Amino acid sequence: MLLRHKPELTSADVTPKSIYLQRRTLLRGMGLAGAAALAGTSLLDLLAPARAAAATTKLSGVIPGAFRTGEPPTPYNDVTHYNNFYEFGLDKTDPAKNAQNFRTSPWLLSVEGEVRKPRKFSLDELLKLAPLEERIYRHRCVEAWSIVVPWIGYSLQALAKLVEPTPQARFVAFQSFYDPAQMPQAKYTGLEFPYVEGLRLDEALHPLALLCFGMYGETLPNQDGAPVRLVLPWKYGFKSIKSIVKIRFTSSQPPTSWNLAKPSEYGFYSNVNPAVDHPRWSQAKERRLGEFFKRATRPFNGYAEQVASLYSGMDLRKNF
Ligand code: MTE
């Protein structure tokens, strides 16, 4: 029987990591069987020490990119142990545990649709397609937590140019890998898989839109979207789709996972906007992982100078 949770983000999801970890410690201190039942988790899970992330390797030939916020990167351990990757479970700590044996090699990315030169790329081909840059981006989740990450990749634009979009191409659709055998937790989340996302063509071609292969000098850990993901720093984190296997140029607006699940709460654009609250919580402030005090959220996550012109004349309350 399928145990379907509502696909909405709950207040538990906005719990700061420090408090969240305190809760786990508290549960450990309680009678374990009762605590496990209360936490909805297994005894083994409660007793297990924090496990290491899956193996990553150093990426060579990485050059410093132009986009680098002056802010200090969030500690690696936070970025790799507080994740949203619903294919591997609902809980923020699930992906680090459950994605460890995820097979990311061999990997093929198919680029197709309204393009003159559709093509399937191996990961090696992708890694050689353009110089790998390190870009330090702010990354703001819709659940009001944020991180600063030194990502490695190049503008999605470089890949798009190679396949030559036709004049009919107006949007770009993205699809994640999905294998229920490797991702048995996915069916309990209430989301439909494979996870899908979409951008308008001009958004996808914006230099800030990063096709990402690594972080902190190394390949992406599985829980952060290995081997290839998007990073869109001016949009809420859920637009930054992980473990991509298909990119399709389309003439009409493609469906997106969170919009399919809850259209009243998650729009197609999902640009970071402190002036437009989520129906169930404010978007005015955010908590940087590892920090206690909240900070003000900035329009387009601080990237307004670069991207605001993409949306000129649009009502951003309607197009949330
Ligand atoms: N991509 C896939 N395939 N599945 C997901 O569940 N979650 C999204 C996004 N990409 C998600 C995904 C959400 S909600 C967020 S906030 C970011 O990934 C989190 O990225 P991070 O774990 O690297 O911080």
# chains A, B, ... in the order shown; residues from 1 in each chain; ligands from 1
>>> residues_around(residues="A:Ser309", least_positions_apart="3", cutoff="12 Å", atoms="only C-alpha atoms", output="number ranges by chain")
A: 202-203, 206, 300, 303-306, 312-314
>>> select_by_dssp(residues="stretch 139-319 of chain A", states="alpha helix (DSSP H)", output="JSON, numbers by chain")
{"A": [156, 157, 158, 159, 160, 161, 162, 163, 201, 202, 203, 204, 257, 258, 259, 260, 261, 304, 305, 306, 307]}
>>> closest_atom_pairs(of="chain A", to="ligand 1", cutoff="7 Å", atoms="only C-alpha atoms and all ligand atoms", output="tab-separated table")
residue	atom	partner	partner_atom_place_in_ligand_line	distance
A:Val79	CA	ligand 1	24 (O)	6.1
A:Tyr82	CA	ligand 1	22 (O)	6.5
A:Asn83	CA	ligand 1	22 (O)	3.5
A:Asn84	CA	ligand 1	7 (N)	4.5
A:Phe85	CA	ligand 1	6 (O)	3.4
A:Tyr86	CA	ligand 1	6 (O)	3.7
A:Glu87	CA	ligand 1	4 (N)	5.9
A:Cys141	CA	ligand 1	16 (S)	4.5
A:Val142	CA	ligand 1	16 (S)	6.6
A:Ser176	CA	ligand 1	3 (N)	5.0
A:Tyr195	CA	ligand 1	3 (N)	5.0
A:Gln223	CA	ligand 1	22 (O)	6.6
A:Asp224	CA	ligand 1	23 (O)	4.1
A:Gly225	CA	ligand 1	23 (O)	6.5
A:Tyr236	CA	ligand 1	16 (S)	6.9
A:Gly237	CA	ligand 1	16 (S)	3.9
A:Phe238	CA	ligand 1	13 (C)	3.4
A:Lys239	CA	ligand 1	9 (C)	6.0
A:Ser240	CA	ligand 1	10 (N)	4.8
A:Ile241	CA	ligand 1	10 (N)	3.8
A:Lys242	CA	ligand 1	1 (N)	3.9
A:Ser243	CA	ligand 1	3 (N)	6.0
>>> residues_around(residues="stretch 114-126 of chain A", least_positions_apart="3", cutoff="9 Å", atoms="only C-alpha atoms", output="list in words")
Ser105, Pro106, Trp107, Leu108, Leu109, Ser110, Val111, Leu129, Ala130, Leu159, Ala160, Leu162, Val163, Glu164, Pro165, Thr166, Pro167, Gln168, Ala169, Arg170, Pro227, Val228, Lys246, Arg248, Phe249, Thr250 and Ser251 of chain A
>>> closest_atom_pairs(of="stretch 115-134 of chain A", to="stretch 147-155 of chain A", cutoff="8 Å", atoms="only C-alpha atoms", output="CSV")
residue,atom,partner,partner_atom,distance
A:Ala130,CA,A:Tyr154,CA,6.6
A:Pro131,CA,A:Tyr154,CA,6.8
A:Leu132,CA,A:Gly153,CA,4.9
A:Glu133,CA,A:Gly153,CA,5.4
A:Glu134,CA,A:Ile152,CA,4.5
>>> atom_distance(atom1="atom CA of A:Glu291", atom2="atom CA of A:Ala226")
26.7 Å
>>> select_by_dssp(residues="stretch 74-182 of chain A", states="strand (DSSP E)", output="ChimeraX atom specification")
/A:108-113,119-122,133-140,145-155,171-176
>>> residues_around(residues="A:Gly267", least_positions_apart="2", cutoff="12 Å", atoms="only C-alpha atoms", output="PDB file with N, CA and C atoms, in the first residue's frame")
ATOM      1  N   VAL A 142      13.150  27.755  -0.880  1.00  0.00           N
ATOM      2  CA  VAL A 142      11.816  28.315  -0.661  1.00  0.00           C
ATOM      3  C   VAL A 142      11.414  28.188   0.807  1.00  0.00           C
ATOM      4  N   GLU A 197      11.639  20.070 -14.243  1.00  0.00           N
ATOM      5  CA  GLU A 197      11.709  21.529 -14.061  1.00  0.00           C
ATOM      6  C   GLU A 197      11.697  22.205 -15.423  1.00  0.00           C
ATOM      7  N   GLY A 198      11.550  23.508 -15.430  1.00  0.00           N
ATOM      8  CA  GLY A 198      11.516  24.225 -16.694  1.00  0.00           C
ATOM      9  C   GLY A 198      11.925  25.676 -16.547  1.00  0.00           C
ATOM     10  N   LEU A 199      12.410  26.228 -17.648  1.00  0.00           N
ATOM     11  CA  LEU A 199      12.799  27.642 -17.696  1.00  0.00           C
ATOM     12  C   LEU A 199      12.326  28.220 -19.025  1.00  0.00           C
ATOM     13  N   LYS A 235      16.700  32.077  -8.226  1.00  0.00           N
ATOM     14  CA  LYS A 235      15.419  31.388  -8.046  1.00  0.00           C
ATOM     15  C   LYS A 235      15.449  30.529  -6.784  1.00  0.00           C
ATOM     16  N   TYR A 236      14.253  30.208  -6.258  1.00  0.00           N
ATOM     17  CA  TYR A 236      14.206  29.310  -5.109  1.00  0.00           C
ATOM     18  C   TYR A 236      14.848  27.975  -5.481  1.00  0.00           C
ATOM     19  N   PHE A 238      14.305  24.920  -5.375  1.00  0.00           N
ATOM     20  CA  PHE A 238      13.697  23.752  -6.034  1.00  0.00           C
ATOM     21  C   PHE A 238      13.778  23.808  -7.548  1.00  0.00           C
ATOM     22  N   LYS A 239      14.079  24.997  -8.111  1.00  0.00           N
ATOM     23  CA  LYS A 239      14.265  25.072  -9.566  1.00  0.00           C
ATOM     24  C   LYS A 239      15.604  24.445  -9.975  1.00  0.00           C
ATOM     25  N   PRO A 255       5.815  21.393 -17.801  1.00  0.00           N
ATOM     26  CA  PRO A 255       5.382  21.218 -16.403  1.00  0.00           C
ATOM     27  C   PRO A 255       6.575  21.193 -15.455  1.00  0.00           C
ATOM     28  N   THR A 256       6.342  21.548 -14.198  1.00  0.00           N
ATOM     29  CA  THR A 256       7.406  21.494 -13.180  1.00  0.00           C
ATOM     30  C   THR A 256       6.867  20.750 -11.948  1.00  0.00           C
ATOM     31  N   SER A 257       7.722  19.996 -11.299  1.00  0.00           N
ATOM     32  CA  SER A 257       7.269  19.073 -10.243  1.00  0.00           C
ATOM     33  C   SER A 257       6.468  19.739  -9.129  1.00  0.00           C
ATOM     34  N   TRP A 258       7.001  20.826  -8.565  1.00  0.00           N
ATOM     35  CA  TRP A 258       6.306  21.433  -7.420  1.00  0.00           C
ATOM     36  C   TRP A 258       5.046  22.162  -7.855  1.00  0.00           C
ATOM     37  N   ASN A 259       5.040  22.685  -9.067  1.00  0.00           N
ATOM     38  CA  ASN A 259       3.831  23.319  -9.573  1.00  0.00           C
ATOM     39  C   ASN A 259       2.746  22.272  -9.800  1.00  0.00           C
ATOM     40  N   LEU A 260       3.129  21.087 -10.285  1.00  0.00           N
ATOM     41  CA  LEU A 260       2.165  20.003 -10.466  1.00  0.00           C
ATOM     42  C   LEU A 260       1.595  19.577  -9.118  1.00  0.00           C
ATOM     43  N   ALA A 261       2.466  19.538  -8.096  1.00  0.00           N
ATOM     44  CA  ALA A 261       2.047  19.062  -6.778  1.00  0.00           C
ATOM     45  C   ALA A 261       1.161  20.078  -6.061  1.00  0.00           C
ATOM     46  N   LYS A 262       1.461  21.360  -6.169  1.00  0.00           N
ATOM     47  CA  LYS A 262       0.727  22.394  -5.419  1.00  0.00           C
ATOM     48  C   LYS A 262       0.793  23.723  -6.186  1.00  0.00           C
ATOM     49  N   PRO A 263      -0.024  23.854  -7.221  1.00  0.00           N
ATOM     50  CA  PRO A 263       0.086  25.046  -8.078  1.00  0.00           C
ATOM     51  C   PRO A 263      -0.171  26.362  -7.353  1.00  0.00           C
ATOM     52  N   SER A 264      -0.966  26.328  -6.280  1.00  0.00           N
ATOM     53  CA  SER A 264      -1.250  27.587  -5.580  1.00  0.00           C
ATOM     54  C   SER A 264      -0.029  28.075  -4.798  1.00  0.00           C
ATOM     55  N   GLU A 265       0.928  27.192  -4.535  1.00  0.00           N
ATOM     56  CA  GLU A 265       2.070  27.569  -3.705  1.00  0.00           C
ATOM     57  C   GLU A 265       3.384  27.701  -4.483  1.00  0.00           C
ATOM     58  N   TYR A 269       7.819  30.498 -12.272  1.00  0.00           N
ATOM     59  CA  TYR A 269       9.033  31.329 -12.230  1.00  0.00           C
ATOM     60  C   TYR A 269       9.835  31.125 -10.953  1.00  0.00           C
ATOM     61  N   SER A 270       9.139  31.234  -9.810  1.00  0.00           N
ATOM     62  CA  SER A 270       9.804  30.998  -8.518  1.00  0.00           C
ATOM     63  C   SER A 270      11.087  31.789  -8.327  1.00  0.00           C
ATOM     64  N   ASN A 271      11.050  33.049  -8.733  1.00  0.00           N
ATOM     65  CA  ASN A 271      12.172  33.939  -8.450  1.00  0.00           C
ATOM     66  C   ASN A 271      12.139  34.323  -6.975  1.00  0.00           C
ATOM     67  N   VAL A 272      13.298  34.397  -6.353  1.00  0.00           N
ATOM     68  CA  VAL A 272      13.343  34.781  -4.943  1.00  0.00           C
ATOM     69  C   VAL A 272      12.763  36.188  -4.812  1.00  0.00           C
ATOM     70  N   VAL A 276       6.777  38.847  -1.813  1.00  0.00           N
ATOM     71  CA  VAL A 276       5.638  37.936  -2.038  1.00  0.00           C
ATOM     72  C   VAL A 276       5.804  36.709  -1.142  1.00  0.00           C
ATOM     73  N   HIS A 278       5.149  33.137   0.683  1.00  0.00           N
ATOM     74  CA  HIS A 278       4.569  31.830   0.408  1.00  0.00           C
ATOM     75  C   HIS A 278       3.222  31.819   1.147  1.00  0.00           C
ATOM     76  N   PRO A 279       2.175  31.156   0.629  1.00  0.00           N
ATOM     77  CA  PRO A 279       0.880  31.197   1.324  1.00  0.00           C
ATOM     78  C   PRO A 279       0.949  30.779   2.790  1.00  0.00           C
ATOM     79  N   LEU A 316       5.051  40.402 -10.899  1.00  0.00           N
ATOM     80  CA  LEU A 316       5.737  39.294 -10.222  1.00  0.00           C
ATOM     81  C   LEU A 316       4.905  38.687  -9.086  1.00  0.00           C
ATOM     82  N   ARG A 317       3.751  39.327  -8.762  1.00  0.00           N
ATOM     83  CA  ARG A 317       2.843  38.690  -7.818  1.00  0.00           C
ATOM     84  C   ARG A 317       2.055  37.588  -8.506  1.00  0.00           C
ATOM     85  N   LYS A 318       1.703  37.881  -9.768  1.00  0.00           N
ATOM     86  CA  LYS A 318       0.958  36.893 -10.550  1.00  0.00           C
ATOM     87  C   LYS A 318       1.891  35.799 -11.058  1.00  0.00           C
ATOM     88  N   ASN A 319       3.053  36.234 -11.522  1.00  0.00           N
ATOM     89  CA  ASN A 319       4.028  35.281 -12.053  1.00  0.00           C
ATOM     90  C   ASN A 319       5.019  34.908 -10.951  1.00  0.00           C
ATOM     91  N   PHE A 320       4.513  34.239  -9.892  1.00  0.00           N
ATOM     92  CA  PHE A 320       5.378  33.914  -8.751  1.00  0.00           C
ATOM     93  C   PHE A 320       6.099  32.600  -9.016  1.00  0.00           C
TER      94      PHE A 320
END
>>> atom_distance(atom1="atom CA of A:Trp234", atom2="atom CA of A:Pro254")
19.6 Å
